[in-house]
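S.K.: Got a structure for you, entry_3.cif, holding mmCIF, C-alpha atoms and all ligand atoms.
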data_final
#
loop_
_atom_site.label_atom_id
_atom_site.label_comp_id
_atom_site.auth_asym_id
_atom_site.auth_seq_id
_atom_site.Cartn_x
_atom_site.Cartn_y
_atom_site.Cartn_z
CA MET A 1 0.00 0.00 0.00
CA GLU A 2 1.15 3.55 -0.70
CA ALA A 3 2.79 5.34 2.16
CA GLU A 4 0.47 8.08 3.33
CA GLU A 5 1.71 10.93 5.39
CA GLY A 6 1.92 9.93 9.00
CA ASN A 7 0.83 6.39 8.28
CA LYS A 8 2.97 3.34 8.69
CA VAL A 9 4.89 2.74 5.46
CA MET A 10 3.80 -0.86 5.28
CA ARG A 11 0.26 -0.72 6.42
CA VAL A 12 -1.08 -4.17 7.15
CA PRO A 13 -4.63 -5.22 6.32
CA CYS A 14 -7.29 -5.51 8.99
CA VAL A 15 -7.57 -9.28 9.52
CA LYS A 16 -11.05 -8.98 11.00
CA ASP A 17 -12.24 -7.51 7.69
CA LEU A 18 -10.34 -10.14 5.71
CA ALA A 19 -12.00 -12.89 7.71
CA LYS A 20 -15.44 -11.46 6.91
CA GLU A 21 -14.93 -11.90 3.17
CA ALA A 22 -15.96 -15.36 2.01
CA LEU A 23 -12.37 -16.31 1.14
CA SER A 24 -11.92 -19.48 -0.85
CA ARG A 25 -8.29 -19.42 0.21
CA VAL A 26 -6.39 -17.49 2.85
CA PRO A 27 -3.95 -14.98 1.24
CA ASP A 28 -0.37 -16.27 0.94
CA ARG A 29 0.99 -13.67 3.31
CA TYR A 30 -0.76 -15.47 6.15
CA ILE A 31 0.14 -19.02 5.17
CA HIS A 32 3.05 -20.22 7.23
CA ALA A 33 5.32 -22.69 5.45
CA VAL A 34 6.01 -24.85 8.46
CA ASP A 35 3.18 -26.96 9.74
CA ILE A 36 1.97 -26.11 13.20
CA ASP A 37 3.52 -28.81 15.40
CA PRO A 38 0.89 -31.26 16.52
CA ILE A 39 -0.20 -30.75 20.08
CA VAL A 40 0.93 -33.82 21.89
CA CYS A 41 -0.62 -32.85 25.18
CA ASN A 42 -4.29 -32.40 24.48
CA SER A 43 -6.22 -34.90 26.51
CA PRO A 44 -8.27 -33.90 29.56
CA SER A 45 -5.78 -35.81 31.72
CA SER A 46 -2.77 -33.86 30.37
CA PRO A 47 -0.91 -31.71 32.83
CA GLN A 48 -2.26 -28.21 33.26
CA ILE A 49 -0.34 -25.12 34.27
CA PRO A 50 -0.40 -24.57 38.06
CA VAL A 51 -2.98 -22.36 39.78
CA ILE A 52 -1.86 -19.75 42.30
CA ASP A 53 -4.29 -18.22 44.80
CA LEU A 54 -3.20 -14.61 45.28
CA SER A 55 -5.26 -14.23 48.46
CA ASN A 56 -3.21 -17.05 50.02
CA LEU A 57 -0.01 -15.32 48.94
CA LEU A 58 -1.09 -12.27 50.93
CA SER A 59 -2.54 -14.18 53.87
CA CYS A 60 -1.76 -13.17 57.45
CA ASP A 61 -1.68 -16.85 58.32
CA HIS A 62 1.99 -17.66 58.08
CA HIS A 63 1.49 -21.30 57.05
CA VAL A 64 -1.01 -20.49 54.33
CA LYS A 65 1.30 -17.83 52.94
CA GLU A 66 4.42 -19.99 53.05
CA ALA A 67 2.67 -22.83 51.25
CA GLU A 68 1.52 -20.51 48.46
CA VAL A 69 4.96 -18.87 48.15
CA HIS A 70 6.38 -22.35 47.67
CA LYS A 71 3.77 -23.18 45.01
CA LEU A 72 4.58 -19.93 43.23
CA HIS A 73 8.28 -20.75 43.32
CA LEU A 74 7.82 -24.20 41.81
CA ALA A 75 5.42 -22.89 39.15
CA SER A 76 7.91 -20.17 38.18
CA GLN A 77 10.82 -22.58 37.99
CA GLN A 78 9.16 -25.51 36.32
CA TRP A 79 6.48 -23.92 34.13
CA GLY A 80 7.18 -20.19 33.81
CA PHE A 81 3.38 -19.92 33.56
CA PHE A 82 0.50 -20.15 36.01
CA GLN A 83 -3.13 -19.06 36.37
CA VAL A 84 -3.94 -16.66 39.20
CA ILE A 85 -7.25 -16.79 41.05
CA ASN A 86 -8.59 -14.49 43.79
CA HIS A 87 -6.50 -11.76 42.18
CA GLY A 88 -8.51 -8.92 43.70
CA VAL A 89 -9.33 -7.08 40.45
CA ARG A 90 -13.01 -6.14 40.62
CA GLU A 91 -15.19 -8.44 38.56
CA ASP A 92 -17.31 -5.58 37.21
CA LEU A 93 -14.17 -3.86 35.93
CA VAL A 94 -13.03 -7.06 34.21
CA GLU A 95 -16.47 -7.34 32.60
CA LYS A 96 -16.30 -3.71 31.43
CA MET A 97 -12.91 -4.40 29.87
CA LYS A 98 -14.24 -7.46 28.06
CA LYS A 99 -17.13 -5.45 26.64
CA GLY A 100 -14.86 -2.50 25.83
CA VAL A 101 -12.32 -4.47 23.81
CA LYS A 102 -15.06 -6.11 21.75
CA GLU A 103 -16.44 -2.67 20.95
CA LEU A 104 -12.94 -1.41 20.13
CA PHE A 105 -12.44 -4.06 17.44
CA ASP A 106 -16.01 -3.51 16.19
CA LEU A 107 -15.34 0.18 15.48
CA PRO A 108 -16.00 1.18 11.89
CA MET A 109 -12.87 1.38 9.73
CA GLU A 110 -12.91 5.21 9.64
CA GLU A 111 -12.68 5.23 13.43
CA LYS A 112 -10.02 2.50 13.52
CA ASN A 113 -7.96 4.50 11.03
CA LYS A 114 -7.69 7.33 13.53
CA LEU A 115 -6.10 4.89 15.96
CA TRP A 116 -3.91 3.07 13.39
CA GLN A 117 -0.14 2.76 13.91
CA LYS A 118 1.90 5.71 12.64
CA ALA A 119 5.27 5.45 10.91
CA GLY A 120 7.94 4.24 13.28
CA GLU A 121 5.50 3.64 16.13
CA MET A 122 4.25 0.42 17.62
CA GLU A 123 1.20 1.82 19.36
CA GLY A 124 -2.32 1.67 17.95
CA PHE A 125 -4.07 -0.84 15.69
CA GLY A 126 -2.03 -3.03 13.37
CA GLN A 127 0.48 -5.82 13.78
CA MET A 128 3.73 -5.85 15.67
CA PHE A 129 7.21 -6.64 14.44
CA GLU A 130 6.44 -6.50 10.73
CA VAL A 131 9.54 -5.36 8.92
CA SER A 132 9.07 -6.25 5.27
CA GLU A 133 6.42 -6.68 2.61
CA GLN A 134 7.62 -10.27 2.10
CA GLN A 135 7.25 -11.29 5.69
CA LYS A 136 4.53 -13.72 6.75
CA LEU A 137 1.86 -12.12 8.89
CA ASN A 138 0.00 -13.43 11.90
CA TRP A 139 -3.76 -14.01 11.79
CA VAL A 140 -4.47 -11.30 14.34
CA ASP A 141 -5.33 -7.64 14.73
CA VAL A 142 -3.46 -6.01 17.57
CA PHE A 143 -4.13 -2.84 19.54
CA TYR A 144 -0.97 -1.93 21.41
CA VAL A 145 -0.83 0.89 23.94
CA PHE A 146 1.57 2.17 26.59
CA THR A 147 -0.44 2.57 29.81
CA LEU A 148 1.74 3.37 32.86
CA PRO A 149 3.21 5.57 34.17
CA SER A 150 0.54 7.90 32.84
CA HIS A 151 2.93 10.79 32.12
CA LEU A 152 4.68 8.67 29.49
CA ARG A 153 1.52 7.93 27.52
CA ASN A 154 1.33 8.71 23.83
CA THR A 155 -0.52 12.01 23.80
CA ARG A 156 -1.57 11.57 20.17
CA LEU A 157 -3.09 8.15 20.73
CA PHE A 158 -4.29 7.73 24.29
CA PRO A 159 -6.79 10.64 24.41
CA ASN A 160 -8.38 9.32 21.18
CA ILE A 161 -9.31 5.96 22.68
CA PRO A 162 -13.12 6.08 22.86
CA LEU A 163 -14.91 6.54 26.16
CA PRO A 164 -15.99 4.84 28.37
CA PHE A 165 -13.36 2.23 27.43
CA ARG A 166 -10.48 4.68 27.98
CA GLU A 167 -11.43 5.24 31.61
CA ASP A 168 -11.93 1.53 32.26
CA LEU A 169 -8.54 0.86 30.69
CA GLU A 170 -6.92 3.42 32.99
CA GLU A 171 -8.48 1.85 36.06
CA TYR A 172 -7.73 -1.70 34.92
CA SER A 173 -4.09 -0.89 34.22
CA VAL A 174 -3.58 0.34 37.80
CA GLU A 175 -5.29 -2.72 39.28
CA VAL A 176 -3.32 -5.14 37.12
CA ARG A 177 -0.08 -3.39 38.07
CA GLU A 178 -0.97 -4.14 41.69
CA VAL A 179 -1.46 -7.82 40.83
CA ALA A 180 1.95 -7.88 39.11
CA ARG A 181 3.65 -6.17 42.05
CA LYS A 182 2.10 -8.56 44.57
CA ILE A 183 3.26 -11.56 42.56
CA LEU A 184 6.76 -10.08 42.26
CA GLY A 185 6.74 -9.55 46.04
CA GLY A 186 5.92 -13.24 46.51
CA MET A 187 8.71 -14.21 44.14
CA ALA A 188 11.23 -12.00 45.95
CA GLU A 189 10.26 -13.76 49.14
CA ALA A 190 10.57 -17.20 47.58
CA LEU A 191 14.03 -16.36 46.28
CA GLY A 192 15.24 -14.93 49.55
CA MET A 193 15.71 -11.64 47.74
CA LYS A 194 15.17 -8.40 49.60
CA LYS A 195 11.93 -6.69 48.54
CA GLU A 196 14.05 -3.53 47.97
CA GLU A 197 16.28 -5.41 45.55
CA MET A 198 13.29 -6.37 43.44
CA LYS A 199 11.92 -2.80 43.72
CA GLU A 200 15.28 -1.35 42.70
CA SER A 201 15.21 -3.40 39.53
CA PHE A 202 11.84 -1.97 38.58
CA GLY A 203 11.94 1.62 39.74
CA GLU A 204 8.63 3.23 38.94
CA GLY A 205 7.87 0.37 36.55
CA GLY A 206 6.52 0.53 33.03
CA GLN A 207 3.40 -1.09 31.63
CA SER A 208 1.92 -1.64 28.19
CA MET A 209 -1.00 -3.62 26.85
CA ARG A 210 -1.36 -5.70 23.75
CA ILE A 211 -4.97 -6.46 22.96
CA ASN A 212 -5.19 -9.39 20.55
CA TYR A 213 -8.18 -10.06 18.30
CA TYR A 214 -7.94 -13.42 16.53
CA PRO A 215 -10.68 -13.82 13.91
CA PRO A 216 -11.76 -17.36 13.01
CA CYS A 217 -10.03 -18.85 9.96
CA PRO A 218 -11.27 -21.64 7.67
CA GLN A 219 -7.68 -22.98 7.38
CA PRO A 220 -6.58 -22.92 11.04
CA GLN A 221 -3.69 -25.36 10.42
CA ASP A 222 -2.05 -23.01 7.91
CA VAL A 223 -2.10 -19.79 9.92
CA ILE A 224 -0.87 -18.74 13.34
CA GLY A 225 -2.29 -16.16 15.74
CA ILE A 226 1.08 -15.35 17.33
CA ASN A 227 4.30 -17.15 16.41
CA ALA A 228 6.17 -18.97 19.15
CA HIS A 229 7.93 -16.32 21.23
CA THR A 230 8.93 -15.37 24.73
CA ASP A 231 7.80 -12.07 26.26
CA GLY A 232 10.57 -9.51 26.61
CA THR A 233 9.06 -7.97 29.72
CA ALA A 234 9.28 -9.06 33.37
CA LEU A 235 5.74 -10.31 34.00
CA THR A 236 2.76 -10.69 31.66
CA VAL A 237 -0.77 -10.78 33.07
CA LEU A 238 -3.14 -12.09 30.41
CA LEU A 239 -6.91 -11.92 30.48
CA GLN A 240 -8.63 -14.41 28.20
CA VAL A 241 -11.67 -12.41 27.16
CA ASN A 242 -13.74 -15.33 25.93
CA ASP A 243 -13.59 -19.05 26.59
CA VAL A 244 -12.02 -20.03 23.27
CA VAL A 245 -8.84 -22.09 23.69
CA GLY A 246 -5.83 -20.85 21.72
CA LEU A 247 -2.86 -20.14 23.97
CA GLN A 248 -0.27 -22.93 24.09
CA ILE A 249 2.95 -23.11 26.05
CA LYS A 250 6.05 -25.22 25.48
CA HIS A 251 6.51 -27.54 28.43
CA ASP A 252 8.92 -30.49 28.44
CA GLY A 253 9.16 -30.26 24.66
CA VAL A 254 5.41 -30.35 23.87
CA TRP A 255 2.79 -27.68 23.33
CA VAL A 256 0.35 -27.61 26.24
CA PRO A 257 -2.91 -25.71 25.72
CA VAL A 258 -3.94 -23.34 28.50
CA LEU A 259 -7.59 -23.98 29.28
CA PRO A 260 -9.38 -20.77 30.32
CA LEU A 261 -10.26 -20.82 34.01
CA PRO A 262 -13.14 -18.54 35.09
CA HIS A 263 -12.18 -15.35 36.98
CA SER A 264 -8.47 -15.86 36.50
CA PHE A 265 -5.44 -14.34 34.82
CA VAL A 266 -2.73 -16.27 33.03
CA VAL A 267 0.62 -14.99 34.30
CA ASN A 268 4.00 -15.69 32.76
CA ILE A 269 7.62 -14.82 33.34
CA GLY A 270 9.33 -12.73 30.68
CA ASP A 271 12.98 -12.41 29.65
CA VAL A 272 13.73 -9.54 32.03
CA LEU A 273 12.59 -11.51 35.07
CA GLN A 274 14.64 -14.48 33.92
CA ILE A 275 17.66 -12.15 34.00
CA ILE A 276 16.79 -10.57 37.35
CA THR A 277 16.43 -14.01 38.93
CA ASN A 278 19.70 -15.26 37.45
CA GLY A 279 17.77 -17.78 35.41
CA ALA A 280 16.05 -19.36 38.41
CA TYR A 281 12.73 -18.52 36.79
CA THR A 282 12.23 -19.20 33.10
CA SER A 283 10.78 -17.17 30.29
CA VAL A 284 8.91 -19.87 28.41
CA GLU A 285 8.00 -20.04 24.73
CA HIS A 286 4.33 -19.72 23.91
CA ARG A 287 2.10 -19.10 20.90
CA ALA A 288 -1.57 -18.66 19.98
CA ILE A 289 -3.39 -20.81 17.47
CA ILE A 290 -6.58 -20.02 15.59
CA ASN A 291 -10.04 -21.53 15.81
CA SER A 292 -11.89 -22.37 12.58
CA LYS A 293 -15.28 -21.09 13.77
CA MET A 294 -14.86 -18.76 16.71
CA GLU A 295 -13.05 -15.50 17.30
CA ARG A 296 -10.74 -15.27 20.28
CA ILE A 297 -9.73 -12.14 22.22
CA SER A 298 -7.07 -11.64 24.86
CA ILE A 299 -5.58 -8.69 26.74
CA ALA A 300 -1.91 -9.06 27.59
CA THR A 301 -0.57 -6.58 30.15
CA PHE A 302 3.21 -6.37 30.23
CA TYR A 303 4.93 -5.07 33.35
CA GLY A 304 8.63 -4.39 33.49
CA PRO A 305 11.27 -2.03 34.80
CA GLY A 306 10.77 1.67 34.28
CA ARG A 307 13.31 4.03 32.79
CA GLU A 308 15.25 4.32 36.03
CA GLY A 309 15.09 0.60 36.81
CA TYR A 310 18.37 -1.24 37.03
CA ILE A 311 18.64 -4.55 35.23
CA GLY A 312 21.53 -6.84 35.65
CA ARG A 313 22.25 -10.16 37.16
CA GLN A 314 21.70 -9.80 40.87
CA ARG A 315 24.72 -10.16 43.09
CA ALA A 316 24.69 -13.75 44.14
CA PHE A 317 21.87 -13.46 46.59
CA TRP A 318 21.72 -17.22 46.66
CA ALA A 319 25.11 -17.22 48.29
CA GLN A 320 24.36 -14.44 50.75
CA LYS A 321 21.21 -15.88 52.17
CA SER A 322 19.63 -19.24 52.06
CA PRO A 323 16.57 -19.06 49.83
CA ARG A 324 13.28 -19.67 51.54
CA CYS A 325 12.46 -22.33 49.00
CA SER A 326 14.91 -24.93 47.81
CA ARG A 327 16.22 -24.69 44.29
CA ARG A 328 15.45 -27.21 41.65
C1 LIG B 401 1.20 -11.99 23.80
C2 LIG B 401 0.71 -13.39 23.87
C3 LIG B 401 -1.14 -14.92 23.89
C4 LIG B 401 -2.62 -14.94 23.75
O1 LIG B 401 0.38 -11.09 23.53
O2 LIG B 401 2.42 -11.81 24.01
O3 LIG B 401 1.50 -14.28 24.02
O4 LIG B 401 -3.21 -15.90 24.21
N1 LIG B 401 -0.62 -13.61 23.75
O5 LIG B 401 -3.19 -14.03 23.15
NI NI B 402 3.41 -13.50 24.68
#
Mind turning this structure into structure tokens?

M.R.:
Amino acid sequence: MEAEEGNKVMRVPCVKDLAKEALSRVPDRYIHAVDIDPIVCNSPSSPQIPVIDLSNLLSCDHHVKEAEVHKLHLASQQWGFFQVINHGVREDLVEKMKKGVKELFDLPMEEKNKLWQKAGEMEGFGQMFEVSEQQKLNWVDVFYVFTLPSHLRNTRLFPNIPLPFREDLEEYSVEVREVARKILGGMAEALGMKKEEMKESFGEGGQSMRINYYPPCPQPQDVIGINAHTDGTALTVLLQVNDVVGLQIKHDGVWVPVLPLPHSFVVNIGDVLQIITNGAYTSVEHRAIINSKMERISIATFYGPGREGYIGRQRAFWAQKSPRCSRR
């Protein structure tokens, strides 16, 4: 497509619109040459990612708390992924977010255009990490936005997000940051790391959101929603907006689907946290596959160090103190 002033040079099509056309064949740009590996782990008895109860992690009862810290430690070492229940984010706010993101992707094209990615920017509607016209694209529409701290928001994009969704997004981002911080506090405890050491790594912290809309596709085996990747951030808190299965994680060499659990978040460790923890916790590969009949929507909230955060391998805190939980 022609480069328009202010628009991304390589503007990608809206996949939601593509999916609406009665395509006899998916366009080549979306057909991935390698077959999606078969999912080996797909029976109801297959292992599922661990579940962490955040209210236990914050419990005043020492034994309850210790047991949950230990569970969190094992989940972070062995899976890099877990689902979090009793997370404390208000249910009505979660519901407003679910409604809001559906409406966002349902906006007419003229409205979406106002929020489309600009040249050299990642924020807004579009796809991420596309660098050439030849590159294969993912079967997804993304809305990416920097959320916290609020003074670093994109002043050309953020104020144009329609209301009331914008206000719900603001509130949700603060609540989800709390969830991330509480989990990081639990991890610091499990690792025998001083809370200040973890805080020093993050500083004020920085947060962004990637809202993923995966339209259905008649050739689900040939396309991919998101290629296998690890998250570059410290902690990702993902809300599965509807009950359609699509997220898969690599565990012991096989792809394990993450089955949506009501009232939960899927949390995973990103590259930065792997570094901060000297590799004790792992940033695990994951991907999203496409359903032939149903759309799928997710909201990934990425939390990581802010501008003044300090990232490096921690001094050997293992050696200084004995960790509260034993290492693998
Ligand atoms: C991501 C991601 C998975 C999903 O946005 O980084 O991995 O289920 N999303 O949408
Ligand atoms: Ni991811």

S.K.: Residues within 7 Å of ligand LIG 401 (chain B) should be enumerated using all atoms listed in the file and returned as a PyMOL selection string.

M.R.: chain A and resi 210+212+226+231+240+246-247+286-288+297-300

S.K.: Range 213-255 of chain A near range 46-62 of chain A within 12 Å: what's each residue's closest atom pair and its distance in Å to one decimal, counting only C-alpha atoms, ordered by chain then ascending residue number, as JSON lines?

M.R.:
{"residue": "A:Leu247", "atom": "CA", "partner": "A:Ile49", "partner_atom": "CA", "distance": 11.7}
{"residue": "A:Gln248", "atom": "CA", "partner": "A:Ile49", "partner_atom": "CA", "distance": 10.4}
{"residue": "A:Ile249", "atom": "CA", "partner": "A:Ile49", "partner_atom": "CA", "distance": 9.1}
{"residue": "A:Lys250", "atom": "CA", "partner": "A:Ile49", "partner_atom": "CA", "distance": 10.9}
{"residue": "A:His251", "atom": "CA", "partner": "A:Ile49", "partner_atom": "CA", "distance": 9.3}
{"residue": "A:Asp252", "atom": "CA", "partner": "A:Pro47", "partner_atom": "CA", "distance": 10.8}
{"residue": "A:Val254", "atom": "CA", "partner": "A:Ser46", "partner_atom": "CA", "distance": 11.0}
{"residue": "A:Trp255", "atom": "CA", "partner": "A:Ser46", "partner_atom": "CA", "distance": 10.9}

S.K.: For Lys114 in chain A, which of A:Arg156, A:His229, A:His87, A:His32 is the closest residue, counting only C-alpha atoms?

M.R.: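 So, comparing all the options, the nearest one is A:Arg156.
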
S.K.: Quick one: residues within 10 Å of Glu123 in chain A, only C-alpha atoms counted, chain neighbours fewer than 4 positions away excluded, as an mmCIF file with C-alpha atoms, in the coordinates of the input?

M.R.:
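Saved file part.cif follows:
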data_model
loop_
_atom_site.group_PDB
_atom_site.id
_atom_site.type_symbol
_atom_site.label_atom_id
_atom_site.label_comp_id
_atom_site.auth_asym_id
_atom_site.auth_seq_id
_atom_site.Cartn_x
_atom_site.Cartn_y
_atom_site.Cartn_z
ATOM 1 C CA LEU A 115 -6.100 4.890 15.960
ATOM 2 C CA TRP A 116 -3.910 3.070 13.390
ATOM 3 C CA GLN A 117 -0.140 2.760 13.910
ATOM 4 C CA LYS A 118 1.900 5.710 12.640
ATOM 5 C CA GLN A 127 0.480 -5.820 13.780
ATOM 6 C CA MET A 128 3.730 -5.850 15.670
ATOM 7 C CA VAL A 142 -3.460 -6.010 17.570
ATOM 8 C CA PHE A 143 -4.130 -2.840 19.540
ATOM 9 C CA TYR A 144 -0.970 -1.930 21.410
ATOM 10 C CA VAL A 145 -0.830 0.890 23.940
ATOM 11 C CA PHE A 146 1.570 2.170 26.590
ATOM 12 C CA ASN A 154 1.330 8.710 23.830
ATOM 13 C CA LEU A 157 -3.090 8.150 20.730
ATOM 14 C CA PHE A 158 -4.290 7.730 24.290
ATOM 15 C CA SER A 208 1.920 -1.640 28.190
ATOM 16 C CA MET A 209 -1.000 -3.620 26.850
ATOM 17 C CA ARG A 210 -1.360 -5.700 23.750
#

S.K.: Nearest to ligand NI 402 (chain B) among A:Lys195, A:Lys182, A:Gly80, A:Ser173, with distances taken over only C-alpha atoms and all ligand atoms: which residue is it?

M.R.: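 Looking only at the distances to ligand NI 402 (chain B), the closest residue turns out to be A:Gly80.
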
S.K.: Identify, on the basis of all atoms listed in the file, every residue whose closest approach to Gly232 in chain A does not exceed 8 Å; exclude the query and any residue fewer than 2 positions from it along the same chain; express the result as a VMD selection string.

M.R.: chain A and resid 230 234 270 to 272

S.K.: Between A:Phe105, A:Tyr214, A:Arg11, A:Ile275, which one has atoms that come closest to Ala119 in chain A, using all atoms listed in the file?

M.R.: A:Arg11

S.K.: Within 8 Å of (4.6, -1.2, 40.7) in the file's own coordinates, which protein, DNA or RNA residues have an atom, counting all atoms listed in the file? List them as a compact mmCIF listing (two decimals) with C-alpha atoms, in the coordinates of the input.

M.R.:
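Result went into out_8.txt, see below:
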# COMPACT_ATOMS: atom_id res chain seq x y z
CA ARG A 177 -0.08 -3.39 38.07
CA GLU A 178 -0.97 -4.14 41.69
CA ALA A 180 1.95 -7.88 39.11
CA ARG A 181 3.65 -6.17 42.05
CA PHE A 202 11.84 -1.97 38.58
CA GLY A 203 11.94 1.62 39.74
CA GLU A 204 8.63 3.23 38.94
CA GLY A 205 7.87 0.37 36.55

S.K.: Identify which of the residues A:Met193, A:Leu239, A:Val26, A:Leu163 lies closest to ligand NI 402 (chain B), counting all atoms listed in the file when measuring atom-to-atom distances.

M.R.: A:Leu239

S.K.: Sorted by chain and rising residue number, list the residues of range 142-250 of chain A at most 12 Å from range 74-78 of chain A (counting all atoms listed in the file), each with its closest atom pair and distance in Å to one decimal, as JSON lines.

M.R.:
{"residue": "A:Ile183", "atom": "CA", "partner": "A:Ser76", "partner_atom": "CA", "distance": 10.7}
{"residue": "A:Leu184", "atom": "CA", "partner": "A:Ser76", "partner_atom": "CA", "distance": 10.9}
{"residue": "A:Gly186", "atom": "CA", "partner": "A:Ser76", "partner_atom": "CA", "distance": 11.0}
{"residue": "A:Met187", "atom": "CA", "partner": "A:Ser76", "partner_atom": "CA", "distance": 8.5}
{"residue": "A:Ala188", "atom": "CA", "partner": "A:Ser76", "partner_atom": "CA", "distance": 11.8}
{"residue": "A:Ala190", "atom": "CA", "partner": "A:Leu74", "partner_atom": "CA", "distance": 9.5}
{"residue": "A:Leu191", "atom": "CA", "partner": "A:Ser76", "partner_atom": "CA", "distance": 10.8}
{"residue": "A:Leu235", "atom": "CA", "partner": "A:Ser76", "partner_atom": "CA", "distance": 10.9}
{"residue": "A:Lys250", "atom": "CA", "partner": "A:Gln78", "partner_atom": "CA", "distance": 11.3}

S.K.: Hey, which of A:Phe265, A:Phe125, A:Tyr281, A:Phe165 ends up closest to Cys14 in chain A? Count all atoms listed in the file.

M.R.: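 The shortest atom-to-atom distance to Cys14 in chain A comes from A:Phe125.
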
S.K.: Give me the residues near Val245 in chain A as a PyMOL selection string, where near means some atom within 10 Å (using all atoms listed in the file) and where sequence neighbours in that chain fewer than 4 positions away do not count.

M.R.: chain A and resi 240+257-260+288-291+294+296

S.K.: Quote the spacing between CA of Lys16 in chain A and CA of Gly124 in chain A in Å to one decimal place.

M.R.: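 Going from CA of Lys16 in chain A over to CA of Gly124 in chain A covers 15.4 Å.
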
S.K.: Record the distance separating CA of Lys20 in chain A and CA of Ser132 in chain A, expressed in Å with one decimal.

M.R.: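 Here the two named atoms are 25.1 Å from each other.
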
S.K.: Taking only C-alpha atoms and all ligand atoms into account, name the residue in A:Glu133, A:Ile85, A:Val237, A:Asn160 that is nearest to ligand NI 402 (chain B).

M.R.: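 Comparing A:Glu133, A:Ile85, A:Val237, A:Asn160 against ligand NI 402 (chain B), the winner is A:Val237.
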
S.K.: Using all atoms of range 210-218 of chain A listed in the file and a margin of 4 Å per side, can you give the axis-aligned box centre and edge lengths in Å to one decimal, as AutoDock Vina command-line options?

M.R.:
--center_x -6.6 --center_y -13.7 --center_z 15.7 --size_x 18.4 --size_y 23.9 --size_z 24.1

S.K.: Considering only C-alpha atoms, return as a list of chain:residue names whatever protein or nucleic-acid residues lie within 10 Å of Pro27 in chain A, sequence-local ones (same chain, fewer than 4 positions apart) excluded.

M.R.: A:Leu18, A:Leu23, A:Ile31
